[in-house]
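J.: You'll find coords05.cif just under this line, and it carries mmCIF, C-alpha atoms and all ligand atoms.
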data_coords
loop_
_atom_site.label_atom_id
_atom_site.label_comp_id
_atom_site.auth_asym_id
_atom_site.auth_seq_id
_atom_site.Cartn_x
_atom_site.Cartn_y
_atom_site.Cartn_z
CA MET N 1442 -0.45 -1.48 -2.31
CA PHE N 1443 -3.20 -1.84 0.26
CA LEU N 1444 -0.85 -0.90 3.10
CA LEU N 1445 -0.23 2.51 1.51
CA LYS N 1446 -3.98 3.13 1.46
CA VAL N 1447 -4.09 2.20 5.16
CA VAL N 1448 -1.27 4.67 5.85
CA HIS N 1449 -3.09 7.40 3.92
CA GLU N 1450 -6.23 6.72 5.91
CA ILE N 1451 -4.42 6.64 9.28
CA THR N 1452 -2.75 9.97 8.61
CA ARG N 1453 -6.01 11.49 7.29
CA ILE N 1454 -8.14 10.46 10.26
CA SER N 1455 -5.57 10.87 13.07
CA ASN N 1456 -4.47 14.47 12.40
CA VAL N 1457 -1.30 14.55 14.41
CA ALA N 1458 -0.45 18.14 13.41
CA PRO N 1459 -2.96 20.58 14.93
CA GLY N 1460 -2.14 23.40 12.52
CA ILE N 1461 -0.07 24.55 9.59
CA PHE N 1462 1.00 28.18 9.53
CA ARG N 1463 1.52 30.62 6.69
CA LYS N 1464 1.93 34.39 6.45
CA THR N 1465 0.21 36.29 3.66
CA LEU N 1466 2.67 38.33 1.60
CA ALA N 1467 -0.10 40.13 -0.29
CA ASP N 1468 -3.86 40.54 0.13
CA VAL N 1469 -5.46 37.19 -0.58
CA LYS N 1470 -9.10 36.84 -1.65
CA VAL N 1471 -10.83 33.64 -0.52
CA LYS N 1472 -14.54 33.06 -1.18
CA GLY N 1473 -15.45 36.74 -0.92
CA TYR N 1474 -13.19 37.43 2.09
CA THR N 1475 -9.91 39.30 1.96
CA ILE N 1476 -7.03 38.19 4.16
CA PRO N 1477 -4.82 41.27 4.42
CA ALA N 1478 -1.10 41.11 3.68
CA GLY N 1479 1.02 40.30 6.72
CA TRP N 1480 -1.59 38.21 8.52
CA LEU N 1481 -0.77 34.86 10.05
CA VAL N 1482 -3.03 32.13 8.72
CA MET N 1483 -3.56 28.82 10.47
CA ILE N 1484 -4.80 25.91 8.41
CA SER N 1485 -6.46 23.12 10.35
CA PRO N 1486 -5.82 19.78 8.61
CA MET N 1487 -8.49 18.20 10.83
CA ALA N 1488 -11.18 20.61 9.59
CA VAL N 1489 -10.29 19.58 6.04
CA HIS N 1490 -9.86 15.84 6.66
CA LEU N 1491 -13.14 15.52 8.57
CA ASN N 1492 -15.18 17.67 6.19
CA PRO N 1493 -17.95 15.41 4.82
CA THR N 1494 -18.16 17.36 1.57
CA LEU N 1495 -14.51 16.46 0.86
CA PHE N 1496 -14.30 12.98 2.42
CA GLU N 1497 -17.41 10.81 2.47
CA ASP N 1498 -18.26 9.54 5.99
CA PRO N 1499 -15.10 11.21 7.33
CA LEU N 1500 -15.10 9.49 10.73
CA GLU N 1501 -15.26 6.07 9.14
CA PHE N 1502 -11.86 4.40 8.84
CA ASN N 1503 -12.03 3.39 5.22
CA PRO N 1504 -8.73 2.76 3.39
CA TRP N 1505 -10.76 1.83 0.29
CA ARG N 1506 -11.59 5.48 -0.29
CA TRP N 1507 -8.05 5.75 -1.74
CA THR N 1508 -8.72 3.02 -4.29
CA VAL N 1509 -10.31 5.11 -7.03
CA SER N 1510 -7.71 4.48 -9.71
CA ASP N 1511 -7.63 0.72 -9.12
CA LYS N 1512 -11.35 0.66 -9.83
CA LEU N 1513 -10.72 2.65 -12.98
CA ASN N 1514 -8.04 0.19 -14.14
CA TYR N 1515 -10.45 -2.68 -13.56
CA ILE N 1516 -13.27 -0.98 -15.46
CA GLY N 1517 -10.80 0.16 -18.13
CA ALA N 1518 -9.46 -3.37 -18.64
CA LYS N 1519 -12.98 -4.78 -18.98
CA LEU N 1520 -13.90 -2.05 -21.43
CA LEU N 1521 -10.78 -2.76 -23.49
CA ILE N 1522 -11.82 -6.39 -23.93
CA ILE N 1523 -15.38 -5.41 -24.86
CA LYS N 1524 -13.98 -2.76 -27.21
CA PHE N 1525 -11.73 -5.32 -28.88
CA ILE N 1526 -14.72 -7.57 -29.58
CA ALA N 1527 -16.67 -4.54 -30.75
CA ILE N 1528 -13.92 -3.68 -33.28
CA LEU N 1529 -14.82 -6.86 -35.05
CA MET N 1530 -18.51 -6.00 -34.99
CA ASN N 1531 -19.42 -2.39 -35.28
CA THR N 1532 -17.62 0.97 -35.26
CA ILE N 1533 -20.55 2.83 -33.67
CA ILE N 1534 -20.31 0.65 -30.57
CA ILE N 1535 -16.56 1.33 -30.42
CA SER N 1536 -16.95 5.08 -30.40
CA THR N 1537 -19.72 4.88 -27.78
CA LEU N 1538 -17.57 2.71 -25.50
CA THR N 1539 -14.59 5.02 -25.93
CA CYS N 1540 -16.75 7.99 -24.93
CA ILE N 1541 -17.95 6.16 -21.77
CA LYS N 1542 -14.38 5.21 -20.84
CA VAL N 1543 -13.04 8.74 -21.35
CA LYS N 1544 -15.92 10.14 -19.25
CA TRP N 1545 -15.19 7.68 -16.41
CA GLN N 1546 -11.50 8.42 -16.66
CA ILE N 1547 -12.07 12.15 -16.33
CA GLN N 1548 -14.48 11.70 -13.40
CA ASP N 1549 -12.10 9.30 -11.68
CA LYS N 1550 -9.00 11.45 -12.14
CA THR N 1551 -10.89 14.49 -10.87
CA LYS N 1552 -12.11 12.57 -7.83
CA GLN N 1553 -8.67 11.19 -7.05
CA SER N 1554 -6.83 14.47 -7.50
CA GLU N 1555 -9.49 16.12 -5.31
CA LEU N 1556 -8.83 13.56 -2.56
CA LEU N 1557 -5.09 14.10 -2.79
CA ARG N 1558 -5.42 17.88 -3.00
CA ASN N 1559 -7.31 17.83 0.28
CA TYR N 1560 -4.91 15.40 1.96
CA MET N 1561 -2.59 17.50 4.11
CA PRO N 1562 -1.35 15.69 7.24
CA PHE N 1563 2.18 16.72 6.26
CA GLY N 1564 1.32 20.22 5.12
CA GLY N 1565 1.93 21.14 1.52
CA GLY N 1566 3.80 23.21 -1.01
CA ILE N 1567 7.33 24.43 -0.53
CA ARG N 1568 7.34 23.77 3.25
CA LEU N 1569 5.96 20.22 2.97
CA CYS N 1570 7.16 18.05 5.86
CA LEU N 1571 10.64 16.75 5.14
CA GLY N 1572 9.86 13.55 7.00
CA ALA N 1573 6.60 12.77 5.11
CA GLU N 1574 7.82 9.80 3.06
CA PHE N 1575 9.97 8.52 5.93
CA SER N 1576 6.97 8.71 8.29
CA LYS N 1577 4.66 6.87 5.86
CA LEU N 1578 7.24 4.11 5.48
CA PHE N 1579 7.76 3.96 9.23
CA ILE N 1580 4.01 3.66 9.91
CA ALA N 1581 3.73 0.91 7.27
CA LEU N 1582 6.64 -1.03 8.83
CA PHE N 1583 5.23 -0.55 12.33
CA ILE N 1584 1.81 -1.90 11.32
CA HIS N 1585 3.40 -4.79 9.48
CA VAL N 1586 5.46 -5.88 12.51
CA LEU N 1587 2.55 -5.25 14.90
CA VAL N 1588 0.01 -7.40 13.07
CA THR N 1589 2.38 -10.14 11.93
CA GLU N 1590 4.34 -10.58 15.17
CA TYR N 1591 2.00 -9.51 17.97
CA ARG N 1592 -1.52 -9.75 19.27
CA TRP N 1593 -2.81 -7.18 21.73
CA LYS N 1594 -5.29 -6.95 24.56
CA GLU N 1595 -7.02 -3.70 25.50
CA ILE N 1596 -6.41 -2.77 29.14
CA LYS N 1597 -7.99 0.70 29.55
CA GLY N 1598 -8.59 4.07 27.90
CA GLY N 1599 -9.09 4.44 24.20
CA ASP N 1600 -11.61 7.32 24.26
CA VAL N 1601 -10.84 9.74 21.48
CA LEU N 1602 -11.18 13.54 21.60
CA ARG N 1603 -10.81 15.49 18.40
CA ILE N 1604 -9.90 19.06 19.24
CA SER N 1605 -7.88 20.16 16.25
CA GLU N 1606 -5.58 17.24 16.95
CA VAL N 1607 -6.41 13.74 18.10
CA ILE N 1608 -6.19 13.21 21.87
CA PHE N 1609 -6.64 10.18 24.12
CA PRO N 1610 -7.59 11.79 27.50
CA GLN N 1611 -7.12 8.58 29.48
CA GLY N 1612 -4.42 7.28 27.19
CA TYR N 1613 -4.77 3.94 25.47
CA HIS N 1614 -3.26 1.05 27.37
CA ILE N 1615 -2.72 -2.26 25.65
CA GLN N 1616 -0.81 -5.42 26.42
CA LEU N 1617 1.30 -6.74 23.59
CA ILE N 1618 1.56 -10.49 23.31
CA PRO N 1619 4.17 -11.98 20.95
CA HIS N 1620 2.49 -14.03 18.25
CA THR N 1621 3.88 -17.53 18.36
C1 LIG I 1 3.40 11.42 11.32
C2 LIG I 1 4.53 12.15 11.40
C3 LIG I 1 4.64 13.58 10.96
C4 LIG I 1 3.67 14.50 10.69
C5 LIG I 1 2.14 14.32 10.75
C6 LIG I 1 4.34 15.73 10.30
C7 LIG I 1 3.69 16.90 9.94
C8 LIG I 1 4.35 18.04 9.57
C9 LIG I 1 3.67 19.26 9.19
C10 LIG I 1 2.16 19.48 9.15
C11 LIG I 1 4.62 20.18 8.86
C12 LIG I 1 4.39 21.62 8.39
C13 LIG I 1 4.39 21.61 6.86
C14 LIG I 1 3.92 22.89 6.25
O1 LIG I 1 4.11 23.97 6.84
O2 LIG I 1 3.37 22.87 5.11
C15 LIG I 1 5.92 19.54 9.04
C16 LIG I 1 7.13 20.14 8.79
C17 LIG I 1 8.35 19.54 8.94
N1 LIG I 1 8.57 18.23 9.30
FE1 LIG I 1 7.14 16.86 9.77
N2 LIG I 1 5.71 15.53 10.33
C18 LIG I 1 5.95 14.23 10.73
C19 LIG I 1 7.15 13.61 10.86
C20 LIG I 1 8.37 14.19 10.61
C21 LIG I 1 9.65 13.53 10.74
C22 LIG I 1 9.83 12.07 11.17
C23 LIG I 1 10.61 14.44 10.40
C24 LIG I 1 12.11 14.31 10.36
C25 LIG I 1 12.73 13.17 10.20
C26 LIG I 1 9.93 15.67 10.05
C27 LIG I 1 10.56 16.82 9.66
C28 LIG I 1 9.93 18.01 9.35
C29 LIG I 1 10.62 19.25 8.97
C30 LIG I 1 12.14 19.46 8.89
C31 LIG I 1 9.62 20.20 8.71
C32 LIG I 1 9.84 21.65 8.28
C33 LIG I 1 9.83 21.72 6.76
C34 LIG I 1 9.99 23.19 6.29
O3 LIG I 1 9.52 24.10 6.97
O4 LIG I 1 10.54 23.37 5.19
N3 LIG I 1 8.59 15.49 10.20
N4 LIG I 1 5.72 18.25 9.46
#
Output the file's structure as structure tokens, nothing else.

T.:
Amino acid sequence: MFLLKVVHEITRISNVAPGIFRKTLADVKVKGYTIPAGWLVMISPMAVHLNPTLFEDPLEFNPWRWTVSDKLNYIGAKLLIIKFIAILMNTIIISTLTCIKVKWQIQDKTKQSELLRNYMPFGGGIRLCLGAEFSKLFIALFIHVLVTEYRWKEIKGGDVLRISEVIFPQGYHIQLIPHT
């Protein structure tokens, strides 16, 4: 499902929604600060998505960052084979290998759930965007048709400004050429 990783990465890096709004119903304590009840809070998805402590090299377009669990499956499968051979040889090796696998699994799950917890192009919780899944599918279909049926030539523009949302001040003009 590489295309899904691409869609995750596009929506992480592009930040179409400049802000998500909530109102505090009670005093909320966050890292030593108190947000009083009744305040309007604006969450900036861009500040989260481009935070280098949450996403490594945040300005790099890297769909592979969403691949953590595939890596785990690969390592897990290899370990299973080694473990199977080890069963025939020595129980101490088996328990050591199991410990390593469990440790990797925990680290990997934590890393992946951290990535997903901080992924908020469509907001989150009870008011999560109703069109989230539709939009992801639409982006995937759009990319598929674009790269399989067209080539494109850059005409002008393409500079990117990131001011809470992504902006192309001079636009981005391309010429689409049907792929024959
Ligand atoms: C890339 C495309 C889109 C992005 C980035 C996006 C982003 C968002 C965000 C950030 C919110 C606020 C969520 C929150 O407060 O937690 C939202 C809400 C909403 N979105 Fe989208 N959206 C997109 C496409 C769509 C589409 C295509 C539809 C409809 C077909 C849609 C329908 C809605 C609705 C109805 C809400 C309000 C949900 C509620 O308050 O319960 N969105 N969207």

J.: Name each residue within 7 Å of ligand LIG 1 (chain I), counting only C-alpha atoms and all ligand atoms, as a list in words.

T.: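 Residues satisfying the distance criterion: Thr1452, Asn1456, Val1457, Ala1458, Gly1460, Ile1461, Phe1462, Pro1562, Phe1563, Gly1564, Gly1565, Gly1566, Ile1567, Arg1568, Leu1569, Cys1570, Leu1571, Gly1572, Ala1573, Phe1575 and Ser1576 of chain N.
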
J.: So what do you get for atom CA of Ile1451 of chain N versus atom CA of Leu1617 of chain N, distance-wise?

T.: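 Computing it gives 20.4 Å between the two atoms.
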
J.: Looking at N:Ile1604, N:Val1447, N:Ile1596, N:Leu1557, which one is nearest to Phe1502 of chain N, with distances taken over only C-alpha atoms?

T.: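 Of the candidates, the smallest distance to Phe1502 of chain N is held by N:Val1447.
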
J.: So which one's closest to Met1483 of chain N, N:Gln1553, N:Val1469, N:His1449, N:Lys1464? Using all atoms listed in the file, please.

T.: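 The shortest atom-to-atom distance to Met1483 of chain N comes from N:Lys1464.
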
J.: Please determine an axis-aligned box that encloses all atoms of segment 1487-1495 of chain N listed in the file, with 8 Å added on each side, and express its centre and edge lengths in Å to one decimal as lines of an AutoDock Vina configuration file.

T.:
center_x = -13.3
center_y = 18.0
center_z = 5.8
size_x = 25.7
size_y = 21.2
size_z = 26.0

J.: Quick one: residues within 9 Å of Phe1443 of chain N, all atoms listed in the file, excluding same-chain residues fewer than 6 positions away - as a list in words?

T.: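 Returned residues: Pro1504, Trp1505 and Thr1508 of chain N.
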
J.: May I have the residues within 9 Å of Gly1479 of chain N as a PDB file with C-alpha atoms, in the coordinates of the input, using only C-alpha atoms and disregarding those fewer than 3 positions away in the same chain?

T.:
ATOM      1  CA  LYS N1464       1.930  34.390   6.450  1.00  0.00           C
ATOM      2  CA  THR N1465       0.210  36.290   3.660  1.00  0.00           C
ATOM      3  CA  LEU N1466       2.670  38.330   1.600  1.00  0.00           C
ATOM      4  CA  ALA N1467      -0.100  40.130  -0.290  1.00  0.00           C
ATOM      5  CA  ASP N1468      -3.860  40.540   0.130  1.00  0.00           C
ATOM      6  CA  ILE N1476      -7.030  38.190   4.160  1.00  0.00           C
TER       7      ILE N1476
END

J.: From (-5.7, 21.1, 2.6), in the file's coordinates, out to 9 Å: which residues are reached, counting only C-alpha atoms? Answer as a list in words.

T.: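 Every polymer residue passing the test: Ile1484, Ser1485, Pro1486, Ala1488, Val1489, His1490, Leu1557, Arg1558, Asn1559, Tyr1560, Met1561, Pro1562, Gly1564 and Gly1565 of chain N.
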
J.: Filtering to C-alpha atoms, could you give me those residues as a tab-separated table (two decimals), in the frame of the given file?

T.:
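Resulting contents of selection_27.tsv:
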chain	number	residue	atom	x	y	z
N	1484	ILE	CA	-4.80	25.91	8.41
N	1485	SER	CA	-6.46	23.12	10.35
N	1486	PRO	CA	-5.82	19.78	8.61
N	1488	ALA	CA	-11.18	20.61	9.59
N	1489	VAL	CA	-10.29	19.58	6.04
N	1490	HIS	CA	-9.86	15.84	6.66
N	1557	LEU	CA	-5.09	14.10	-2.79
N	1558	ARG	CA	-5.42	17.88	-3.00
N	1559	ASN	CA	-7.31	17.83	0.28
N	1560	TYR	CA	-4.91	15.40	1.96
N	1561	MET	CA	-2.59	17.50	4.11
N	1562	PRO	CA	-1.35	15.69	7.24
N	1564	GLY	CA	1.32	20.22	5.12
N	1565	GLY	CA	1.93	21.14	1.52

J.: So the first atom is atom CA of Asn1503 of chain N and the second is atom CA of Arg1603 of chain N; what is the distance between them in Å, to one decimal place?

T.: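 Computing the Euclidean distance for atom CA of Asn1503 of chain N and atom CA of Arg1603 of chain N yields 17.9 Å.
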
J.: Atom CA of Val1448 of chain N to atom CA of Leu1587 of chain N: how many Å, to one decimal?

T.: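 The value is 14.0 Å.
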
J.: Identify which of the residues N:Val1607, N:Leu1556, N:Ala1478, N:Val1601 lies closest to Arg1506 of chain N, counting only C-alpha atoms when measuring atom-to-atom distances.

T.: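 Smallest separation from Arg1506 of chain N among the options: N:Leu1556.
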
J.: Using only C-alpha atoms, which residues sit within 10 Å of Glu1590 of chain N once same-chain residues fewer than 2 positions away are excluded, as a PyMOL selection string?

T.: chain N and resi 1584-1588+1592+1617-1621

J.: Because the input lacks atoms here, generate N, CA and C atoms for segment 1585-1596 of chain N and report them as an mmCIF file, keeping the file's coordinate frame.

T.:
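Saved result, out_19.cif, follows:
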data_model
loop_
_atom_site.group_PDB
_atom_site.id
_atom_site.type_symbol
_atom_site.label_atom_id
_atom_site.label_comp_id
_atom_site.auth_asym_id
_atom_site.auth_seq_id
_atom_site.Cartn_x
_atom_site.Cartn_y
_atom_site.Cartn_z
ATOM 1 N N HIS N 1585 3.041 -3.456 9.954
ATOM 2 C CA HIS N 1585 3.400 -4.790 9.480
ATOM 3 C C HIS N 1585 3.918 -5.655 10.633
ATOM 4 N N VAL N 1586 4.881 -5.109 11.396
ATOM 5 C CA VAL N 1586 5.460 -5.880 12.510
ATOM 6 C C VAL N 1586 4.403 -6.141 13.582
ATOM 7 N N LEU N 1587 3.578 -5.110 13.856
ATOM 8 C CA LEU N 1587 2.550 -5.250 14.900
ATOM 9 C C LEU N 1587 1.574 -6.389 14.575
ATOM 10 N N VAL N 1588 1.052 -6.399 13.359
ATOM 11 C CA VAL N 1588 0.010 -7.400 13.070
ATOM 12 C C VAL N 1588 0.594 -8.788 12.733
ATOM 13 N N THR N 1589 1.848 -8.816 12.267
ATOM 14 C CA THR N 1589 2.380 -10.140 11.930
ATOM 15 C C THR N 1589 3.075 -10.802 13.124
ATOM 16 N N GLU N 1590 3.560 -9.987 14.078
ATOM 17 C CA GLU N 1590 4.340 -10.580 15.170
ATOM 18 C C GLU N 1590 3.701 -10.481 16.544
ATOM 19 N N TYR N 1591 2.617 -9.703 16.636
ATOM 20 C CA TYR N 1591 2.000 -9.510 17.970
ATOM 21 C C TYR N 1591 0.485 -9.618 17.903
ATOM 22 N N ARG N 1592 -0.099 -9.919 19.027
ATOM 23 C CA ARG N 1592 -1.520 -9.750 19.270
ATOM 24 C C ARG N 1592 -1.603 -8.771 20.429
ATOM 25 N N TRP N 1593 -2.723 -8.094 20.596
ATOM 26 C CA TRP N 1593 -2.810 -7.180 21.730
ATOM 27 C C TRP N 1593 -4.159 -7.263 22.418
ATOM 28 N N LYS N 1594 -4.098 -6.915 23.727
ATOM 29 C CA LYS N 1594 -5.290 -6.950 24.560
ATOM 30 C C LYS N 1594 -5.503 -5.540 25.093
ATOM 31 N N GLU N 1595 -6.748 -5.052 24.982
ATOM 32 C CA GLU N 1595 -7.020 -3.700 25.500
ATOM 33 C C GLU N 1595 -7.082 -3.749 27.016
ATOM 34 N N ILE N 1596 -6.405 -2.811 27.676
ATOM 35 C CA ILE N 1596 -6.410 -2.770 29.140
ATOM 36 C C ILE N 1596 -7.343 -1.647 29.617
#
